[in-house]
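Structure file protein_22.cif (mmCIF, C-alpha atoms) follows.
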data_input
loop_
_atom_site.label_atom_id
_atom_site.label_comp_id
_atom_site.auth_asym_id
_atom_site.auth_seq_id
_atom_site.Cartn_x
_atom_site.Cartn_y
_atom_site.Cartn_z
CA MET A 1 -173.77 -86.11 -101.56
CA ALA A 2 -170.12 -86.78 -102.41
CA ARG A 3 -169.34 -83.09 -101.90
CA GLU A 4 -171.08 -83.20 -98.52
CA ALA A 5 -169.10 -86.33 -97.56
CA GLU A 6 -165.82 -84.56 -98.35
CA GLY A 7 -166.46 -82.34 -95.34
CA ILE A 8 -166.65 -85.31 -92.97
CA SER A 9 -163.43 -86.55 -91.41
CA PRO A 10 -162.07 -90.05 -92.09
CA GLY A 11 -163.96 -92.57 -89.98
CA SER A 12 -167.18 -90.57 -90.22
CA ASP A 13 -166.90 -89.45 -86.60
CA GLY A 14 -167.09 -93.01 -85.32
CA LEU A 15 -169.76 -94.32 -87.69
CA ILE A 16 -169.10 -97.60 -89.50
CA CYS A 17 -171.27 -99.09 -92.21
CA MET A 18 -171.41 -102.80 -92.95
CA PRO A 19 -172.47 -102.52 -96.61
CA TYR A 20 -174.13 -105.93 -96.88
CA PHE A 21 -177.54 -104.65 -98.00
CA ALA A 22 -177.90 -107.45 -100.56
CA GLY A 23 -175.99 -110.13 -98.69
CA GLU A 24 -172.29 -110.47 -99.37
CA ARG A 25 -170.21 -112.65 -101.60
CA THR A 26 -166.52 -112.29 -100.90
CA PRO A 27 -164.79 -112.25 -98.56
CA ILE A 28 -167.47 -113.42 -96.09
CA ASN A 29 -169.56 -115.55 -98.50
CA ASP A 30 -172.87 -115.02 -96.72
CA PRO A 31 -175.98 -114.34 -98.82
CA ASP A 32 -177.91 -113.74 -95.60
CA ALA A 33 -175.60 -111.01 -94.33
CA ARG A 34 -177.34 -107.72 -93.63
CA GLY A 35 -176.20 -104.14 -93.74
CA ALA A 36 -175.93 -102.03 -90.63
CA PHE A 37 -174.65 -98.74 -89.34
CA PHE A 38 -172.63 -99.14 -86.16
CA GLY A 39 -171.94 -96.25 -83.79
CA LEU A 40 -174.83 -94.05 -84.97
CA LYS A 41 -175.36 -90.92 -82.85
CA LEU A 42 -177.85 -88.06 -83.03
CA SER A 43 -175.03 -85.78 -84.21
CA HIS A 44 -174.48 -87.83 -87.38
CA THR A 45 -175.90 -86.31 -90.54
CA ARG A 46 -176.82 -87.59 -93.97
CA ALA A 47 -173.26 -86.78 -95.04
CA HIS A 48 -171.89 -89.02 -92.26
CA LEU A 49 -174.14 -91.87 -93.38
CA TYR A 50 -173.08 -91.47 -97.00
CA ARG A 51 -169.38 -91.25 -96.19
CA ALA A 52 -169.63 -94.25 -93.83
CA GLY A 53 -171.24 -96.21 -96.68
CA LEU A 54 -168.37 -95.35 -99.03
CA GLU A 55 -165.86 -96.19 -96.31
CA GLY A 56 -167.60 -99.53 -95.61
CA VAL A 57 -167.10 -100.64 -99.19
CA ALA A 58 -163.47 -99.48 -99.00
CA TYR A 59 -162.94 -101.52 -95.82
CA SER A 60 -164.33 -104.56 -97.64
CA ILE A 61 -162.00 -103.96 -100.60
CA ASN A 62 -159.12 -103.70 -98.16
CA GLN A 63 -160.11 -107.05 -96.63
CA HIS A 64 -159.65 -108.57 -100.09
CA PHE A 65 -156.23 -106.96 -100.50
CA LYS A 66 -155.15 -108.34 -97.12
CA ILE A 67 -156.32 -111.85 -98.11
CA PHE A 68 -154.36 -111.63 -101.38
CA GLU A 69 -151.22 -110.59 -99.52
CA GLU A 70 -151.68 -113.30 -96.85
CA ASP A 71 -151.88 -115.81 -99.72
CA GLY A 72 -148.62 -114.54 -101.20
CA VAL A 73 -150.22 -112.49 -103.99
CA PRO A 74 -148.96 -108.94 -103.54
CA VAL A 75 -151.21 -106.17 -104.80
CA ARG A 76 -148.89 -104.13 -107.00
CA ARG A 77 -151.34 -102.15 -109.10
CA VAL A 78 -155.00 -101.31 -108.62
CA MET A 79 -157.12 -100.40 -111.64
CA ALA A 80 -160.74 -99.57 -110.79
CA ALA A 81 -163.52 -99.51 -113.37
CA GLY A 82 -167.26 -99.03 -113.44
CA GLY A 83 -169.75 -96.40 -112.37
CA GLY A 84 -168.33 -95.87 -108.89
CA THR A 85 -165.08 -94.58 -110.34
CA LYS A 86 -166.87 -91.39 -111.38
CA ASN A 87 -167.08 -90.51 -107.69
CA ALA A 88 -163.67 -88.98 -106.96
CA THR A 89 -164.45 -88.76 -103.24
CA TRP A 90 -165.03 -92.51 -103.13
CA MET A 91 -161.89 -93.32 -105.09
CA GLN A 92 -159.85 -91.16 -102.70
CA ILE A 93 -161.42 -92.95 -99.72
CA VAL A 94 -160.52 -96.34 -101.23
CA SER A 95 -156.95 -95.13 -101.79
CA ASP A 96 -156.71 -93.79 -98.23
CA VAL A 97 -158.22 -96.90 -96.61
CA THR A 98 -156.05 -99.34 -98.58
CA GLY A 99 -152.93 -97.20 -98.60
CA LYS A 100 -152.60 -97.94 -102.32
CA SER A 101 -152.70 -95.86 -105.48
CA ILE A 102 -155.97 -96.33 -107.33
CA SER A 103 -155.90 -95.82 -111.09
CA VAL A 104 -159.00 -95.23 -113.14
CA PRO A 105 -158.79 -95.83 -116.90
CA ALA A 106 -159.87 -93.16 -119.35
CA ILE A 107 -162.68 -95.51 -120.44
CA GLY A 108 -164.14 -96.86 -117.23
CA ILE A 109 -167.20 -98.68 -118.54
CA GLY A 110 -166.36 -101.74 -116.50
CA ALA A 111 -167.16 -105.40 -116.94
CA SER A 112 -168.68 -105.32 -120.42
CA TYR A 113 -165.74 -103.36 -121.81
CA GLY A 114 -163.27 -105.73 -120.13
CA ASP A 115 -165.22 -108.73 -121.45
CA ALA A 116 -165.01 -107.35 -124.98
CA MET A 117 -161.27 -106.79 -124.61
CA MET A 118 -160.71 -110.34 -123.36
CA ALA A 119 -162.85 -111.65 -126.23
CA ALA A 120 -160.51 -109.82 -128.61
CA VAL A 121 -157.61 -111.73 -127.06
CA GLY A 122 -159.53 -115.02 -127.11
CA THR A 123 -160.47 -114.71 -130.78
CA GLY A 124 -156.96 -113.76 -131.82
CA CYS A 125 -157.73 -110.14 -132.72
CA TRP A 126 -155.06 -109.18 -130.18
CA ASP A 127 -151.95 -111.21 -129.53
CA GLY A 128 -152.45 -111.59 -125.80
CA PHE A 129 -152.94 -109.91 -122.49
CA GLU A 130 -149.77 -107.88 -122.94
CA GLU A 131 -151.39 -106.18 -125.93
CA LEU A 132 -154.66 -105.85 -124.02
CA ALA A 133 -152.85 -104.08 -121.17
CA GLY A 134 -151.44 -101.63 -123.70
CA LYS A 135 -154.96 -100.77 -124.86
CA VAL A 136 -156.06 -99.58 -121.42
CA ARG A 137 -155.47 -95.83 -121.43
CA PRO A 138 -154.82 -94.15 -118.11
CA GLY A 139 -157.32 -91.67 -116.78
CA SER A 140 -156.72 -90.42 -113.26
CA THR A 141 -154.81 -91.78 -110.29
CA PHE A 142 -155.66 -91.31 -106.64
CA GLU A 143 -152.71 -91.36 -104.26
CA PRO A 144 -153.26 -92.30 -100.62
CA ASN A 145 -153.12 -89.67 -97.93
CA MET A 146 -151.08 -91.65 -95.41
CA GLU A 147 -152.32 -89.55 -92.48
CA ASN A 148 -155.85 -90.61 -93.38
CA HIS A 149 -154.64 -94.19 -93.90
CA VAL A 150 -153.33 -94.32 -90.33
CA ALA A 151 -156.67 -92.96 -89.05
CA TYR A 152 -158.55 -95.58 -91.08
CA GLU A 153 -156.52 -98.49 -89.68
CA ARG A 154 -158.36 -98.12 -86.36
CA TYR A 155 -161.76 -98.23 -88.06
CA GLN A 156 -160.69 -101.10 -90.32
CA ALA A 157 -159.94 -103.20 -87.23
CA ILE A 158 -163.43 -102.53 -85.86
CA PHE A 159 -165.01 -103.22 -89.26
CA ASP A 160 -163.16 -106.54 -89.48
CA GLU A 161 -164.68 -107.62 -86.14
CA LEU A 162 -168.26 -106.43 -86.76
CA TYR A 163 -169.51 -109.16 -89.09
CA PRO A 164 -168.20 -112.09 -87.02
CA ALA A 165 -169.58 -110.44 -83.86
CA THR A 166 -173.09 -109.97 -85.33
CA LYS A 167 -173.42 -112.88 -87.76
CA ASN A 168 -175.52 -115.13 -85.51
CA LEU A 169 -177.85 -112.28 -84.55
CA VAL A 170 -178.34 -111.28 -88.19
CA HIS A 171 -179.18 -114.84 -89.19
CA ARG A 172 -181.90 -114.89 -86.54
CA LEU A 173 -183.60 -112.04 -88.44
CA SER A 174 -184.05 -114.18 -91.57
#
Final structure tokens representation of the file:
Amino acid sequence: MAREAEGISPGSDGLICMPYFAGERTPINDPDARGAFFGLKLSHTRAHLYRAGLEGVAYSINQHFKIFEEDGVPVRRVMAAGGGTKNATWMQIVSDVTGKSISVPAIGIGASYGDAMMAAVGTGCWDGFEELAGKVRPGSTFEPNMENHVAYERYQAIFDELYPATKNLVHRLS
């Protein structure tokens, strides 16, 4: 499906996914949020739906980055881990949407691996987080395509408005 999604242009030909299929924690903090596809047309294919889903998660990640920056916490480096990082198409979409380089470590197991590394710091096996950072070996890095980033800014603005515009209607479904 990722290969199929590569053939779809940024913005999935006007299809936006709100990826709240299990509610949403941050940034909207609404366990009753629901997922939706907005802008669906008969011409959209399975590949459009898949790409729009990947883009929806990237838009949500970008919302977090914007909140960090609004709060005076600049996002200088992005290191992604976990199963999703095996999907190069998705990582490129996240890079393009956010306009930031996305690095994936050589060992991308995710939370359990990070927990074990922090436990090593906490138990004194490693001297501190500086040493921990040195243990993370680089894998691949995805650089943003700024032409795609500009195209995504339009869709990001629509995505940002969708949840507030539909929140009350969604809650009536519960």
Quiz prompt | Radius query 8 Å about (-157.4, -103.6, -100.5), atoms used: only C-alpha atoms, as an MDAnalysis selection string | solution = chainID A and resid 58:66 75 94 97:98 100
Quiz prompt | Using all atoms listed in the file: which of A:Gly35, A:Gly139, A:Pro105, A:Gly11 has the shortest distance to Ala157 (chain A) | solution = A:Gly11
Self-check item: Among listed residues A:Phe21, A:Asn87, A:Gly72, A:Val57, nearest Met1 (chain A) (using only C-alpha atoms)
Solution: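 Closest candidate: A:Asn87.
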Quiz item: List as a ChimeraX atom specification: which residues have an atom within 12 Å of (-169.3, -108.7, -87.3), counting all atoms listed in the file?
Solution: /A:16-20,28,30,33-38,156-171
Write out the residues from the selection above, keeping C-alpha atoms, as a JSON list (two decimals), in the frame of the given file.
[["chain", "number", "residue", "atom", "x", "y", "z"],
["A", 16, "ILE", "CA", -169.10, -97.60, -89.50],
["A", 17, "CYS", "CA", -171.27, -99.09, -92.21],
["A", 18, "MET", "CA", -171.41, -102.80, -92.95],
["A", 19, "PRO", "CA", -172.47, -102.52, -96.61],
["A", 20, "TYR", "CA", -174.13, -105.93, -96.88],
["A", 28, "ILE", "CA", -167.47, -113.42, -96.09],
["A", 30, "ASP", "CA", -172.87, -115.02, -96.72],
["A", 33, "ALA", "CA", -175.60, -111.01, -94.33],
["A", 34, "ARG", "CA", -177.34, -107.72, -93.63],
["A", 35, "GLY", "CA", -176.20, -104.14, -93.74],
["A", 36, "ALA", "CA", -175.93, -102.03, -90.63],
["A", 37, "PHE", "CA", -174.65, -98.74, -89.34],
["A", 38, "PHE", "CA", -172.63, -99.14, -86.16],
["A", 156, "GLN", "CA", -160.69, -101.10, -90.32],
["A", 157, "ALA", "CA", -159.94, -103.20, -87.23],
["A", 158, "ILE", "CA", -163.43, -102.53, -85.86],
["A", 159, "PHE", "CA", -165.01, -103.22, -89.26],
["A", 160, "ASP", "CA", -163.16, -106.54, -89.48],
["A", 161, "GLU", "CA", -164.68, -107.62, -86.14],
["A", 162, "LEU", "CA", -168.26, -106.43, -86.76],
["A", 163, "TYR", "CA", -169.51, -109.16, -89.09],
["A", 164, "PRO", "CA", -168.20, -112.09, -87.02],
["A", 165, "ALA", "CA", -169.58, -110.44, -83.86],
["A", 166, "THR", "CA", -173.09, -109.97, -85.33],
["A", 167, "LYS", "CA", -173.42, -112.88, -87.76],
["A", 168, "ASN", "CA", -175.52, -115.13, -85.51],
["A", 169, "LEU", "CA", -177.85, -112.28, -84.55],
["A", 170, "VAL", "CA", -178.34, -111.28, -88.19],
["A", 171, "HIS", "CA", -179.18, -114.84, -89.19]]
Self-check item: Expansion of the PyMOL selection byres ((chain A and resi 49) around 12) into residues, as a PyMOL selection string
Solution: chain A and resi 1-2+4-5+8+11-19+36-48+50-56
Quiz prompt | Residues matched by the PyMOL selection byres ((chain A and resi 145) around 9) as a PyMOL selection string | solution = chain A and resi 92+95-97+99+143-144+146-150
Quiz prompt | Pairwise distance for CA of Arg77 (chain A) and CA of Ser101 (chain A), rounded to one decimal in Å | solution = 7.4 Å
Exercise. Mind giving me the straight-line distance from CA of Leu173 (chain A) to CA of Gly23 (chain A) in Å, one decimal?
Key: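 Rounded to one decimal, the two atoms are 12.9 Å apart.
In this structure, CA of Asn29 (chain A) sits 21.2 Å away from CA of Ala111 (chain A).
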